[in-house]
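Heads up, start_5.txt below (compact mmCIF, C-alpha atoms):
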```
# COMPACT_ATOMS: atom_id res chain seq x y z
CA ASP W 297 42.60 -35.46 -60.86
CA LYS W 298 44.05 -32.27 -59.37
CA LYS W 299 41.97 -32.55 -56.21
CA ASN W 300 43.89 -35.74 -55.44
CA GLN W 301 47.29 -34.14 -55.93
CA LEU W 302 49.57 -32.75 -53.22
CA THR W 303 52.27 -30.32 -54.35
CA PHE W 304 55.54 -29.41 -52.61
CA ALA W 305 58.38 -27.22 -53.87
CA PHE W 306 61.98 -26.68 -52.75
CA LYS W 307 64.66 -24.20 -53.77
CA THR W 308 68.35 -24.95 -53.52
CA ASP W 309 71.51 -23.85 -55.31
CA ASN W 310 73.14 -27.28 -55.08
CA TYR W 311 70.95 -30.24 -54.15
CA LEU W 312 73.84 -32.70 -54.46
CA ASP W 313 75.72 -31.01 -51.62
CA MET W 314 72.57 -30.72 -49.52
CA SER W 315 71.73 -34.41 -50.01
CA LYS W 316 75.08 -35.48 -48.52
CA ASN W 317 73.90 -34.38 -45.08
CA PRO W 318 70.63 -36.08 -43.96
CA ASN W 319 70.03 -33.31 -41.41
CA LYS W 320 70.08 -30.63 -44.13
CA ASP W 321 68.33 -32.48 -46.96
CA GLU W 322 65.01 -30.60 -46.83
CA ALA W 323 63.40 -32.57 -49.65
CA ARG W 324 64.23 -35.94 -48.10
CA LEU W 325 63.15 -34.72 -44.67
CA THR W 326 59.80 -33.43 -45.92
CA LEU W 327 59.04 -36.64 -47.81
CA SER W 328 59.61 -38.62 -44.60
CA LEU W 329 57.09 -36.60 -42.55
CA PRO W 330 53.90 -38.49 -41.60
CA ILE W 331 50.46 -37.08 -42.32
CA SER W 332 48.23 -37.08 -39.22
CA VAL W 333 45.23 -38.41 -41.16
CA PRO W 334 45.05 -42.23 -40.98
CA ILE W 335 45.24 -44.08 -44.26
CA PHE W 336 44.26 -47.37 -42.65
CA GLU W 337 42.33 -48.34 -39.52
CA MET W 338 41.36 -51.66 -38.04
CA GLN W 339 39.90 -52.86 -34.76
CA TYR W 340 40.40 -56.07 -32.89
CA TYR W 341 38.81 -57.51 -29.79
CA ALA W 342 40.92 -59.48 -27.34
CA GLU W 343 40.61 -60.32 -23.63
CA GLY W 344 37.38 -58.37 -23.33
CA CYS W 345 38.78 -55.14 -24.77
CA ARG W 346 38.40 -53.31 -28.04
CA LYS W 347 41.69 -52.15 -29.54
CA SER W 348 42.17 -49.86 -32.49
CA ILE W 349 45.11 -49.58 -34.90
CA GLN W 350 45.72 -46.52 -37.06
CA VAL W 351 48.37 -46.31 -39.77
CA TYR W 352 49.64 -42.92 -40.99
CA PRO W 353 51.43 -42.42 -44.34
CA THR W 354 54.57 -40.46 -45.00
CA ILE W 355 54.32 -37.74 -47.60
CA GLN W 356 56.48 -39.82 -49.93
CA PHE W 357 54.08 -42.76 -49.64
CA LEU W 358 51.36 -40.49 -51.04
CA TYR W 359 53.34 -40.25 -54.28
CA SER W 360 53.42 -44.03 -54.72
CA HIS W 361 51.05 -46.26 -56.68
CA HIS W 362 50.16 -48.04 -53.43
CA ILE W 363 47.44 -45.61 -52.33
CA MET W 364 43.92 -44.86 -53.51
CA GLY W 365 43.53 -41.35 -54.88
CA ASN W 366 40.48 -40.51 -52.78
CA TYR W 367 42.65 -40.55 -49.63
CA ILE W 368 43.88 -37.08 -50.68
CA SER W 369 41.02 -35.19 -49.05
CA GLU W 370 40.67 -31.54 -48.08
CA GLU W 371 41.90 -32.49 -44.61
CA VAL W 372 45.04 -34.09 -46.06
CA HIS W 373 45.64 -30.96 -48.14
CA ARG W 374 45.24 -28.80 -45.05
CA VAL W 375 47.60 -30.92 -42.94
CA GLY W 376 50.16 -31.16 -45.74
CA LYS W 377 50.51 -27.38 -45.97
CA GLY W 378 52.12 -27.40 -42.53
CA ALA W 379 55.13 -29.41 -43.75
CA ALA W 380 57.02 -26.17 -44.41
CA ASP W 381 57.76 -26.13 -40.66
CA PRO W 382 58.88 -29.71 -39.88
CA GLN W 383 59.27 -29.24 -36.12
CA LYS W 384 55.77 -27.84 -35.64
CA PHE W 385 54.40 -30.35 -38.14
CA CYS W 386 55.80 -33.24 -36.09
CA ALA W 387 54.61 -31.75 -32.79
CA ASP W 388 51.09 -31.45 -34.22
CA PHE W 389 51.32 -35.02 -35.53
CA VAL W 390 52.24 -36.41 -32.10
CA SER W 391 49.51 -34.46 -30.32
CA THR W 392 46.85 -35.48 -32.85
CA VAL W 393 47.60 -39.18 -33.18
CA PHE W 394 48.22 -39.82 -29.48
CA SER W 395 44.94 -38.11 -28.60
CA ARG W 396 43.10 -40.11 -31.26
CA ALA W 397 44.65 -43.38 -30.05
CA ALA W 398 43.62 -42.70 -26.46
CA SER W 399 40.02 -42.13 -27.50
CA LYS W 400 39.72 -45.30 -29.59
CA ASP W 401 40.46 -48.10 -27.12
CA GLY W 402 38.25 -49.36 -24.34
CA MET W 403 36.04 -52.04 -22.87
CA ASN W 404 33.41 -53.40 -25.17
CA GLY W 405 31.64 -56.20 -23.30
CA VAL W 406 32.82 -58.99 -25.61
CA ASP W 407 33.64 -62.56 -24.59
CA PRO W 408 36.89 -62.28 -22.58
CA ASP W 409 38.18 -65.46 -24.23
CA GLY W 410 37.15 -64.48 -27.75
CA PHE W 411 39.00 -62.77 -30.56
CA ASP W 412 37.81 -60.87 -33.60
CA SER W 413 39.24 -58.26 -35.96
CA LYS W 414 38.01 -56.14 -38.82
CA VAL W 415 39.33 -53.44 -41.14
CA ILE W 416 37.39 -50.21 -40.66
CA PHE W 417 38.80 -48.53 -43.75
CA SER W 418 41.84 -48.78 -45.98
CA TYR W 419 43.15 -46.47 -48.70
CA VAL W 420 46.14 -48.77 -49.26
CA LYS W 421 46.01 -51.01 -52.31
CA GLN W 422 46.62 -54.75 -51.94
CA HIS W 423 50.18 -56.09 -51.68
CA PRO W 424 52.06 -52.81 -51.35
CA GLN W 425 55.81 -52.58 -50.82
CA TYR W 426 56.43 -50.57 -47.68
CA THR W 427 58.23 -49.95 -44.42
CA LEU W 428 56.08 -49.95 -41.29
CA VAL W 429 57.34 -48.07 -38.22
CA GLY W 430 55.89 -48.72 -34.78
CA ILE W 431 55.48 -45.72 -32.47
CA GLN W 432 53.25 -47.13 -29.74
CA PRO W 433 50.45 -49.72 -29.57
CA GLY W 434 47.84 -48.71 -32.13
CA VAL W 435 50.00 -46.06 -33.82
CA TYR W 436 52.11 -46.88 -36.90
CA VAL W 437 53.65 -44.99 -39.82
CA ILE W 438 53.82 -46.49 -43.30
CA GLY W 439 56.48 -45.31 -45.72
CA MET W 440 58.09 -46.44 -48.94
CA LYS W 441 60.21 -49.58 -48.91
CA ASP W 442 63.63 -48.78 -47.38
CA GLN W 443 62.46 -45.28 -46.42
CA PHE W 444 63.09 -45.85 -42.71
CA ASN W 445 66.51 -47.41 -42.26
CA LEU W 446 68.44 -46.88 -39.04
CA HIS W 447 70.42 -43.92 -40.43
CA ASP W 448 67.33 -42.16 -41.77
CA CYS W 449 65.58 -42.54 -38.44
CA GLU W 450 68.45 -40.99 -36.53
CA ALA W 451 68.02 -37.79 -38.57
CA HIS W 452 64.22 -37.78 -38.42
CA PRO W 453 62.47 -35.14 -36.27
CA LEU W 454 60.47 -37.96 -34.64
CA HIS W 455 63.48 -40.21 -34.04
CA GLU W 456 62.87 -40.38 -30.27
CA ILE W 457 59.48 -42.07 -30.69
CA LEU W 458 60.27 -44.34 -33.66
CA GLN W 459 60.59 -47.68 -31.87
CA TYR W 460 61.08 -50.30 -34.58
CA ALA W 461 60.61 -50.81 -38.32
CA ALA W 462 59.64 -53.79 -40.48
CA ASP W 463 59.08 -54.29 -44.19
CA GLU W 464 56.09 -55.87 -45.96
CA VAL W 465 57.57 -59.36 -45.62
CA GLY W 466 58.17 -59.01 -41.89
CA PHE W 467 61.93 -58.43 -41.77
CA ILE W 468 62.85 -56.19 -38.85
CA LEU W 469 64.96 -53.25 -40.06
CA PHE W 470 65.77 -51.76 -36.67
CA ASP W 471 64.54 -52.23 -33.12
CA LYS W 472 64.90 -50.08 -30.01
CA LYS W 473 62.56 -52.13 -27.82
CA ASN W 474 64.57 -55.36 -27.56
CA THR W 475 61.58 -57.27 -26.20
CA LYS W 476 60.47 -60.81 -26.95
CA SER W 477 56.79 -60.86 -26.06
CA VAL W 478 53.60 -61.24 -28.08
CA ASP W 479 51.83 -58.91 -25.64
CA GLU W 480 54.50 -56.22 -25.32
CA PHE W 481 55.01 -53.56 -27.99
CA GLY W 482 57.88 -54.44 -30.29
CA PRO W 483 58.76 -56.65 -33.28
CA TYR W 484 56.88 -59.67 -31.85
CA PHE W 485 53.81 -57.73 -30.72
CA PHE W 486 50.54 -59.21 -31.97
CA GLU W 487 49.45 -56.00 -33.72
CA GLN W 488 52.46 -56.14 -36.04
CA TYR W 489 51.14 -59.41 -37.49
CA LEU W 490 47.54 -58.25 -37.71
CA LEU W 491 48.83 -55.44 -39.92
CA LEU W 492 51.11 -57.77 -41.87
CA ASP W 493 48.13 -59.99 -42.60
CA ALA W 494 45.77 -57.13 -43.49
CA LEU W 495 48.23 -55.29 -45.73
CA SER W 496 50.38 -58.05 -47.20
CA LYS W 497 48.54 -61.37 -46.67
CA GLN W 498 51.75 -62.99 -45.46
CA GLU W 499 51.52 -66.65 -44.42
CA VAL W 500 53.73 -66.10 -41.38
CA ALA W 501 51.27 -63.48 -40.12
CA GLN W 502 48.40 -65.95 -40.37
CA ASN W 503 50.48 -68.52 -38.44
CA VAL W 504 51.13 -66.03 -35.65
CA ILE W 505 47.45 -65.04 -35.44
CA THR W 506 46.34 -68.69 -35.27
CA TYR W 507 48.87 -69.54 -32.57
CA TYR W 508 48.08 -66.37 -30.62
CA CYS W 509 44.38 -67.21 -30.55
CA LYS W 510 44.64 -70.96 -29.94
CA HIS W 511 48.10 -71.68 -28.53
CA LYS W 512 49.32 -68.41 -27.05
CA ASP W 513 51.34 -70.01 -24.24
CA LYS W 514 53.12 -72.27 -26.73
CA LEU W 515 53.86 -69.30 -28.99
CA GLN W 516 55.43 -67.37 -26.11
CA HIS W 517 57.30 -70.50 -24.99
CA CYS W 518 58.85 -70.84 -28.46
CA LEU W 519 59.78 -67.17 -28.41
CA ASP W 520 61.45 -67.52 -25.00
CA HIS W 521 63.83 -70.11 -26.46
CA TYR W 522 64.65 -68.18 -29.64
CA ASP W 523 68.15 -66.60 -29.66
CA GLU W 524 67.50 -64.23 -32.63
CA LYS W 525 70.75 -65.25 -34.39
CA GLN W 526 68.73 -65.75 -37.58
CA GLY W 527 67.12 -62.33 -37.22
CA LYS W 528 64.28 -60.69 -35.32
CA GLY W 529 60.57 -61.08 -35.81
CA PHE W 530 58.32 -64.02 -36.59
CA VAL W 531 59.53 -63.94 -40.19
CA CYS W 532 62.10 -66.38 -38.76
CA TRP W 533 59.21 -68.73 -37.88
CA ARG W 534 60.96 -71.99 -38.86
CA PHE W 535 64.11 -71.23 -36.86
CA LEU W 536 62.06 -70.10 -33.88
CA MET W 537 59.99 -73.28 -33.80
CA ASN W 538 63.03 -75.55 -34.33
CA GLN W 539 64.94 -73.97 -31.45
CA SER W 540 61.97 -74.48 -29.17
CA LEU W 541 61.77 -78.18 -30.08
CA LEU W 542 65.51 -78.64 -29.48
CA ALA W 543 65.24 -76.93 -26.08
CA GLU W 544 62.57 -79.43 -25.03
CA LYS W 545 64.71 -82.49 -25.83
```
When written as structure tokens, how does the structure in this file appear?
Amino acid sequence: DKKNQLTFAFKTDNYLDMSKNPNKDEARLTLSLPISVPIFEMQYYAEGCRKSIQVYPTIQFLYSHHIMGNYISEEVHRVGKGAADPQKFCADFVSTVFSRAASKDGMNGVDPDGFDSKVIFSYVKQHPQYTLVGIQPGVYVIGMKDQFNLHDCEAHPLHEILQYAADEVGFILFDKKNTKSVDEFGPYFFEQYLLLDALSKQEVAQNVITYYCKHKDKLQHCLDHYDEKQGKGFVCWRFLMNQSLLAEK
């Protein structure tokens, strides 16, 4: 259906030469730009507060088989037309998504000891292959698998606010935060595993959610004793738990 199609065009005399320099590869750069219309939103309630999570797709992700066609709305068409000017496009993205995030969170009068979560909407099909980039609590970008490696991010117009990246299994691809806390934004932050569960149905995500809700102190204790030699993130669940047990002996 043409109404669900987004068209971009580039002109170059020698794309091979242009592609050798990430800073000059206009096609690659454009495909990595995030659309400021969320493709996924969920809410969760923890410690008496309502929190909201929005996920924004890259333009390249829109060309995958992982999305539902009805995501391509008139608003997405309108936003996409601005990609011809990447710097302004990214500035508008930051302004829009940060403002939206600030308006979503707040007190909600729920049980301070309770927890609940629900998906508000999702235009992402089940079990996609993807890279998820964290920008700040509640704000994430989803791209194609391997789209956001460390080298790509260094050349991205938003590189200063791209904090960490993980794939659909939970492997951490890069991390600027260097934190080990379930409550602090980074590769161990609780939201990462809510998204991993909602998008990928990974068992490790369900383990983290259960421990966070019922044994949060133990979860953080295990994390405090983990040396990250086997990698970052709770995808290394078995190593993390084993190191904690050894530390207690």
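Close contacts of Tyr484 of chain W, defined as residues with an atom at most 10 Å away when counting only C-alpha atoms, with chain neighbours fewer than 2 positions off set aside, comprise W:Ile468, W:Asn474, W:Thr475, W:Lys476, W:Ser477, W:Val478, W:Asp479, W:Glu480, W:Phe481, W:Gly482, W:Phe486, W:Glu487, W:Gln488, W:Tyr489, W:Val504, W:Gln516, W:Leu519, W:Lys528, W:Gly529, W:Phe530, W:Val531.
Using all atoms listed in the file, the nearest neighbour of Arg396 of chain W within the list W:Val435, W:Gly344, W:Val429, W:His452 is W:Val435.
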Please determine, counting only C-alpha atoms, which residue among W:Ile349, W:Ser395, W:Thr354, W:Tyr419 has the shortest atom-to-atom distance to Ser369 of chain W.
W:Tyr419
Write out as a ChimeraX atom specification the residues lying within 7 Å of segment 339-342 of chain W, counting all atoms listed in the file and excluding same-chain residues fewer than 6 positions away.
/W:348-349,408,410-416
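Shortest separation to Val375 of chain W among W:Val390, W:Lys400, W:Val333, W:Asp513 occurs at residue W:Val333, atoms counted being all atoms listed in the file.
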Which residues are close to Leu358 of chain W, i.e. within 10 Å by only C-alpha atoms, leaving aside same-chain residues fewer than 2 positions away? Reply as an MDAnalysis selection string.
chainID W and resid 300:302 327 330:331 335 353:356 360:365 367:368 420 439:440
So that I can check the surroundings of Tyr352 of chain W, please list as a PyMOL selection string every protein, DNA and RNA residue that reaches within 6 Å of it, counting all atoms listed in the file and ignoring chain neighbours fewer than 4 positions away.
chain W and resi 334-335+437-438
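Reported to one decimal place, the separation of atom CA of Phe394 of chain W from atom CA of Glu464 of chain W is 24.3 Å.
Note that atom CA of Gln459 of chain W and atom CA of Lys472 of chain W are 5.3 Å apart.
Reported to one decimal place, the separation of atom CA of Glu499 of chain W from atom CA of Ser328 of chain W is 29.2 Å.
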Best match for closeness to Gly434 of chain W among W:Tyr508, W:Phe485, W:Phe470, W:Trp533, counting all atoms listed in the file
W:Phe485
Protein/DNA/RNA residues near (59.7, -46.1, -47.4), cut 7 Å, all atoms listed in the file, as a VMD selection string:
chain W and resid 357 426 to 427 439 to 444
Taking (56.6, -32.4, -36.8) in the coordinates of the supplied file, I want to know which residues reach to within 12 Å of it, counting only C-alpha atoms; could you give the answer as a PDB file with C-alpha atoms, keeping the file's coordinate frame?
```
ATOM      1  CA  LEU W 325      63.150 -34.720 -44.670  1.00  0.00           C
ATOM      2  CA  THR W 326      59.800 -33.430 -45.920  1.00  0.00           C
ATOM      3  CA  SER W 328      59.610 -38.620 -44.600  1.00  0.00           C
ATOM      4  CA  LEU W 329      57.090 -36.600 -42.550  1.00  0.00           C
ATOM      5  CA  PRO W 330      53.900 -38.490 -41.600  1.00  0.00           C
ATOM      6  CA  ILE W 331      50.460 -37.080 -42.320  1.00  0.00           C
ATOM      7  CA  SER W 332      48.230 -37.080 -39.220  1.00  0.00           C
ATOM      8  CA  THR W 354      54.570 -40.460 -45.000  1.00  0.00           C
ATOM      9  CA  VAL W 375      47.600 -30.920 -42.940  1.00  0.00           C
ATOM     10  CA  GLY W 376      50.160 -31.160 -45.740  1.00  0.00           C
ATOM     11  CA  GLY W 378      52.120 -27.400 -42.530  1.00  0.00           C
ATOM     12  CA  ALA W 379      55.130 -29.410 -43.750  1.00  0.00           C
ATOM     13  CA  ALA W 380      57.020 -26.170 -44.410  1.00  0.00           C
ATOM     14  CA  ASP W 381      57.760 -26.130 -40.660  1.00  0.00           C
ATOM     15  CA  PRO W 382      58.880 -29.710 -39.880  1.00  0.00           C
ATOM     16  CA  GLN W 383      59.270 -29.240 -36.120  1.00  0.00           C
ATOM     17  CA  LYS W 384      55.770 -27.840 -35.640  1.00  0.00           C
ATOM     18  CA  PHE W 385      54.400 -30.350 -38.140  1.00  0.00           C
ATOM     19  CA  CYS W 386      55.800 -33.240 -36.090  1.00  0.00           C
ATOM     20  CA  ALA W 387      54.610 -31.750 -32.790  1.00  0.00           C
ATOM     21  CA  ASP W 388      51.090 -31.450 -34.220  1.00  0.00           C
ATOM     22  CA  PHE W 389      51.320 -35.020 -35.530  1.00  0.00           C
ATOM     23  CA  VAL W 390      52.240 -36.410 -32.100  1.00  0.00           C
ATOM     24  CA  SER W 391      49.510 -34.460 -30.320  1.00  0.00           C
ATOM     25  CA  THR W 392      46.850 -35.480 -32.850  1.00  0.00           C
ATOM     26  CA  VAL W 393      47.600 -39.180 -33.180  1.00  0.00           C
ATOM     27  CA  HIS W 452      64.220 -37.780 -38.420  1.00  0.00           C
ATOM     28  CA  PRO W 453      62.470 -35.140 -36.270  1.00  0.00           C
ATOM     29  CA  LEU W 454      60.470 -37.960 -34.640  1.00  0.00           C
ATOM     30  CA  HIS W 455      63.480 -40.210 -34.040  1.00  0.00           C
ATOM     31  CA  ILE W 457      59.480 -42.070 -30.690  1.00  0.00           C
TER      32      ILE W 457
END
```
